[in-house]
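J.: My structure file target_39.cif, mmCIF, C-alpha atoms, is below:
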data_upload
loop_
_atom_site.label_atom_id
_atom_site.label_comp_id
_atom_site.auth_asym_id
_atom_site.auth_seq_id
_atom_site.Cartn_x
_atom_site.Cartn_y
_atom_site.Cartn_z
CA LEU A 1 86.69 214.50 120.88
CA PHE A 2 84.47 211.54 120.07
CA GLY A 3 86.97 208.81 120.95
CA ALA A 4 84.67 207.02 123.39
CA TRP A 5 82.09 206.52 120.62
CA ILE A 6 84.48 205.27 117.93
CA TRP A 7 86.81 202.94 119.87
CA PRO A 8 86.60 199.45 118.40
CA HIS A 9 87.57 198.10 121.86
CA ASP A 10 88.22 199.42 125.36
CA PRO A 11 91.72 201.01 125.20
CA THR A 12 92.56 199.79 128.71
CA GLY A 13 90.94 196.36 128.35
CA ILE A 14 93.48 193.57 128.86
CA ASP A 15 93.09 190.32 126.89
CA PHE A 16 96.00 187.90 127.42
CA ALA A 17 94.47 185.50 124.89
CA HIS A 18 95.25 187.94 122.04
CA THR A 19 98.64 189.47 122.85
CA LEU A 20 101.03 190.90 120.24
CA LYS A 21 98.70 190.37 117.27
CA PRO A 22 100.04 191.97 114.06
CA PRO A 23 98.05 194.54 112.06
CA ALA A 24 95.22 193.32 109.83
CA TRP A 25 97.24 193.57 106.60
CA MET A 26 100.04 191.30 107.89
CA ALA A 27 100.06 187.52 108.15
CA GLY A 28 98.30 186.42 111.34
CA GLY A 29 96.44 189.73 111.71
CA GLY A 30 92.67 190.11 111.84
CA TRP A 31 90.11 192.82 111.21
CA THR A 32 88.92 192.74 114.82
CA ASN A 33 92.17 194.50 115.80
CA LEU A 34 92.99 196.68 112.80
CA LEU A 35 96.41 197.85 114.09
CA GLY A 36 97.03 194.76 116.20
CA THR A 37 97.47 194.45 119.96
CA ASP A 38 100.23 195.11 122.49
CA GLN A 39 101.87 192.77 125.00
CA PHE A 40 98.77 192.92 127.23
CA GLY A 41 96.29 192.30 124.42
CA ARG A 42 95.06 195.90 124.34
CA ASP A 43 93.82 197.15 120.96
CA LEU A 44 96.38 199.58 119.48
CA LEU A 45 93.88 201.53 117.35
CA SER A 46 91.70 202.21 120.41
CA ARG A 47 94.75 203.29 122.40
CA LEU A 48 95.89 205.57 119.53
CA ILE A 49 92.46 207.24 119.35
CA GLU A 50 92.32 207.75 123.13
CA GLY A 51 95.88 209.08 123.27
CA ALA A 52 95.19 211.55 120.44
CA ARG A 53 92.01 212.71 122.18
CA ILE A 54 93.79 213.45 125.46
CA THR A 55 96.69 215.15 123.69
CA LEU A 56 94.42 217.41 121.63
CA GLU A 57 92.34 218.31 124.69
CA ILE A 58 95.46 219.36 126.58
CA ALA A 59 96.82 221.34 123.60
CA VAL A 60 93.58 223.19 122.87
CA ILE A 61 92.68 223.96 126.51
CA SER A 62 96.18 225.19 127.35
CA SER A 63 96.40 227.28 124.16
CA ILE A 64 93.01 228.91 124.83
CA ALA A 65 93.95 229.67 128.45
CA SER A 66 97.32 231.09 127.35
CA ALA A 67 95.51 233.37 124.90
CA ILE A 68 93.02 234.49 127.57
CA ILE A 69 95.92 235.60 129.79
CA GLY A 70 98.45 236.77 127.19
CA ILE A 71 96.27 238.77 124.79
CA PRO A 72 94.89 241.20 127.40
CA ALA A 73 98.37 241.54 128.94
CA GLY A 74 99.83 242.44 125.53
CA LEU A 75 97.01 244.84 124.70
CA ILE A 76 97.31 246.66 128.03
CA ALA A 77 101.12 246.83 127.89
CA GLY A 78 101.13 248.09 124.30
CA TYR A 79 98.34 250.62 124.63
CA TYR A 80 99.05 252.19 128.01
CA GLY A 81 102.87 251.86 128.03
CA GLY A 82 104.85 253.38 130.90
CA LYS A 83 105.09 251.53 134.21
CA ILE A 84 102.40 249.00 133.30
CA ASP A 85 104.31 248.08 130.14
CA ASN A 86 107.60 247.83 132.08
CA VAL A 87 106.15 245.52 134.73
CA ILE A 88 104.42 243.20 132.25
CA MET A 89 107.38 243.05 129.88
CA ARG A 90 109.91 242.37 132.65
CA ILE A 91 107.79 239.41 133.78
CA VAL A 92 107.62 238.23 130.16
CA ASP A 93 111.37 238.68 129.65
CA THR A 94 112.11 236.69 132.80
CA GLU A 95 109.95 233.78 131.67
CA LEU A 96 111.26 233.89 128.10
CA SER A 97 114.84 233.64 129.37
CA ILE A 98 114.17 230.04 130.48
CA PRO A 99 113.79 227.38 127.74
CA PRO A 100 110.12 226.30 127.48
CA VAL A 101 110.69 222.55 127.83
CA LEU A 102 112.97 223.05 130.85
CA LEU A 103 110.42 225.37 132.47
CA THR A 104 107.58 222.90 131.94
CA ILE A 105 109.70 220.08 133.38
CA LEU A 106 110.48 222.23 136.44
CA ILE A 107 106.81 223.06 136.95
CA GLY A 108 105.81 219.44 136.34
CA GLY A 109 108.36 218.25 138.88
CA ALA A 110 107.14 220.77 141.45
CA LEU A 111 103.42 220.05 141.00
CA GLY A 112 103.62 216.32 140.29
CA GLY A 113 102.40 214.54 137.17
CA GLY A 114 99.02 214.53 135.49
CA VAL A 115 96.86 216.32 132.96
CA PHE A 116 96.30 219.37 135.19
CA THR A 117 100.05 219.80 135.68
CA ILE A 118 100.70 219.71 131.94
CA ILE A 119 97.99 222.29 131.26
CA ILE A 120 99.28 224.65 133.98
CA SER A 121 102.85 224.24 132.71
CA ILE A 122 101.96 225.04 129.12
CA ILE A 123 99.85 228.05 130.15
CA PHE A 124 102.69 229.38 132.29
CA VAL A 125 105.12 229.07 129.38
CA PHE A 126 102.98 230.27 126.45
CA TRP A 127 101.06 233.27 127.73
CA THR A 128 104.31 235.21 127.38
CA THR A 129 104.42 234.62 123.62
CA TYR A 130 100.96 236.11 123.20
CA ALA A 131 101.84 239.06 125.43
CA ARG A 132 105.06 239.86 123.57
CA VAL A 133 103.65 239.58 120.03
CA ILE A 134 100.34 241.33 120.76
CA ARG A 135 102.17 244.17 122.54
CA GLY A 136 104.25 244.76 119.39
CA GLU A 137 101.14 244.77 117.18
CA THR A 138 99.38 247.13 119.59
CA LEU A 139 102.30 249.57 119.56
CA VAL A 140 102.03 249.78 115.76
CA ILE A 141 98.22 250.08 115.66
CA ARG A 142 98.21 252.69 118.44
CA GLN A 143 99.94 255.14 116.04
CA LYS A 144 97.30 254.80 113.29
CA GLY A 145 94.94 257.59 112.34
CA PHE A 146 91.73 255.80 113.31
CA ILE A 147 93.00 255.50 116.91
CA ALA A 148 93.64 259.28 116.95
CA LEU A 149 90.08 259.78 115.69
CA ALA A 150 88.76 257.52 118.45
CA HIS A 151 90.57 259.72 120.99
CA VAL A 152 89.03 262.83 119.40
CA ALA A 153 85.60 261.16 119.64
CA ASP A 154 86.30 260.79 123.40
CA CYS A 155 86.27 256.98 123.38
CA SER A 156 87.49 255.36 126.60
CA GLY A 157 90.71 253.36 126.62
CA PHE A 158 88.73 250.16 127.17
CA ARG A 159 86.52 250.87 124.16
CA ILE A 160 89.52 251.65 121.97
CA LEU A 161 91.20 248.42 123.01
CA LEU A 162 88.06 246.32 122.53
CA ARG A 163 86.54 247.89 119.40
CA HIS A 164 89.51 249.25 117.48
CA ILE A 165 92.74 247.49 118.44
CA PHE A 166 91.62 243.94 119.33
CA PRO A 167 89.91 243.24 115.95
CA ASN A 168 93.12 244.31 114.20
CA VAL A 169 95.32 241.95 116.24
CA LEU A 170 92.87 239.03 116.01
CA PRO A 171 94.43 237.48 112.86
CA THR A 172 97.80 237.39 114.64
CA CYS A 173 96.14 235.77 117.66
CA VAL A 174 94.66 233.04 115.44
CA VAL A 175 98.06 232.30 113.88
CA LEU A 176 99.72 232.16 117.31
CA PHE A 177 96.96 229.86 118.56
CA THR A 178 97.40 227.36 115.73
CA LEU A 179 101.18 227.37 116.12
CA GLN A 180 100.96 226.86 119.86
CA ILE A 181 98.73 223.81 119.53
CA GLY A 182 101.55 222.02 117.70
CA VAL A 183 104.19 223.10 120.21
CA SER A 184 101.86 222.12 123.07
CA VAL A 185 101.65 218.59 121.67
CA ILE A 186 105.47 218.39 121.57
CA ILE A 187 105.85 219.67 125.13
CA GLU A 188 103.11 217.33 126.37
CA ALA A 189 104.93 214.40 124.75
CA ALA A 190 108.24 215.47 126.32
CA ILE A 191 106.75 215.75 129.80
CA THR A 192 104.95 212.42 129.43
CA PHE A 193 108.15 210.78 128.17
CA ILE A 194 109.99 211.60 131.40
CA GLY A 195 107.09 210.35 133.52
CA LEU A 196 105.45 213.63 134.60
CA GLY A 197 102.56 213.54 132.14
CA VAL A 198 99.36 211.60 131.62
#
Turn the structure described in the file into structure tokens.
T.:
Amino acid sequence: LFGAWIWPHDPTGIDFAHTLKPPAWMAGGGWTNLLGTDQFGRDLLSRLIEGARITLEIAVISSIASAIIGIPAGLIAGYYGGKIDNVIMRIVDTELSIPPVLLTILIGGALGGGVFTIIISIIFVFWTTYARVIRGETLVIRQKGFIALAHVADCSGFRILLRHIFPNVLPTCVVLFTLQIGVSVIIEAAITFIGLGV
């Protein structure tokens, strides 16, 4: 997040006078370029910091957006059931039938490369995981006694979802979020490797 303030050098700054310098701990290395430089004289530590910053931004933003779409979809499908559940789960099943990396490559190829494309691709792939898991949790919680008491107290469906079911599925949401950040990094690296990424 604070890469711009802690770069030792500009990560895109070219310096042909100092190309291919080794790291500081090797012979010929210096402390001005701690990890050395590349073939264009760019500082490798600065480039590593900037690359990590972009990757984490993409992973966190796409995971948050996936949760914003998938959690309500799973709650609604699990609580109301019936036709709403069938429609949402058929969409989820269709998306889950395609491997995630292949789907992101297809979306990336259709939209072109860039940060925005990667974020949209990851959101499109991962909201389904939230929807599927949260739906299952909601189906279990819906049968509990405190939900029956909320119905007796004449609580609306929205209130039951927001005040009684959502807090109980929140720990699962947090676990899914942390797992998806790691998978998002892998998918972002795969898309970038084939030239559709950053």
J.: Smallest atom-to-atom distance to Gly30 of chain A: which of A:His18, A:Arg163, A:Gly3, A:Thr128, using only C-alpha atoms?
T.: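 For Gly30 of chain A, the nearest of the candidates is A:His18.
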J.: Smallest atom-to-atom distance to Ala110 of chain A: which of A:Ile91, A:Leu196, A:Ala52, A:Ile64, using only C-alpha atoms?
T.: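 Smallest distance to Ala110 of chain A is found for A:Leu196.
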J.: Would you write out, as CSV, a table of all residues in segment 116-156 of chain A that have an atom no more than 9 Å from an atom of segment 93-102 of chain A, listing for each the closest atom pair and the distance in Å to one decimal, considering only C-alpha atoms and ordering rows by chain and rising residue number?
T.:
residue,atom,partner,partner_atom,distance
A:Ile122,CA,A:Pro100,CA,8.4
A:Phe124,CA,A:Glu95,CA,8.5
A:Val125,CA,A:Pro100,CA,6.0
A:Phe126,CA,A:Pro100,CA,8.2
A:Thr128,CA,A:Leu96,CA,7.1
A:Thr129,CA,A:Leu96,CA,8.2
A:Arg132,CA,A:Asp93,CA,8.8
J.: Extract, using all atoms listed in the file, all DNA, RNA and protein residues at most 7 Å from Asp43 of chain A, discarding same-chain residues fewer than 5 positions from it, and format them as a ChimeraX atom specification.
T.: /A:9,11,33,36-38
J.: Interatomic distance between atom CA of Gln39 of chain A and atom CA of Ile54 of chain A?
T.: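 Those two atoms sit 22.2 Å apart.
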J.: Between A:Ile118, A:Ala59, A:Val87, A:Ile76, which has the minimum distance to Thr192 of chain A (counting only C-alpha atoms)?
T.: A:Ile118
J.: Could you tell me which of A:Ala73, A:Ile186, A:Ile105, A:Ala17 comes closest to Leu161 of chain A if we count all atoms listed in the file?
T.: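 The closest residue to Leu161 of chain A is A:Ala73.
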J.: Give me the result of the PyMOL selection byres ((chain A and resi 137) around 9) on this file, residue by residue, as a list in words.
T.: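 Against this file, the PyMOL selection byres ((chain A and resi 137) around 9) returns the residues Gly74, Leu75, Gly78, Arg132, Val133, Ile134, Arg135, Gly136, Thr138, Leu139, Val140, Ile141, Arg142, Ile165, Asn168, Val169 and Thr172 of chain A.
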J.: Quick one: 6 Å padding each side, axis-aligned, all listed atoms of segment 93-99 of chain A - centre and edge lengths in Å to one decimal, as JSON?
T.:
{"center_x": 112.4, "center_y": 233.0, "center_z": 130.3, "size_x": 16.9, "size_y": 23.3, "size_z": 17.1}
J.: Return the single residue from A:Gly182, A:Gly108, A:Gly41, A:Gly114 that is closest to Val60 of chain A, with distances computed using all atoms listed in the file.
T.: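 Closest candidate: A:Gly182.
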J.: Suppose you want the space between atom CA of Ile107 of chain A and atom CA of Glu188 of chain A; what is it in Å?
T.: 12.6 Å
J.: Between A:Arg42, A:Cys155, A:Thr12, A:Thr55, which has the minimum distance to Val183 of chain A (counting all atoms listed in the file)?
T.: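 With all atoms listed in the file as the atom set, the closest residue is A:Thr55.
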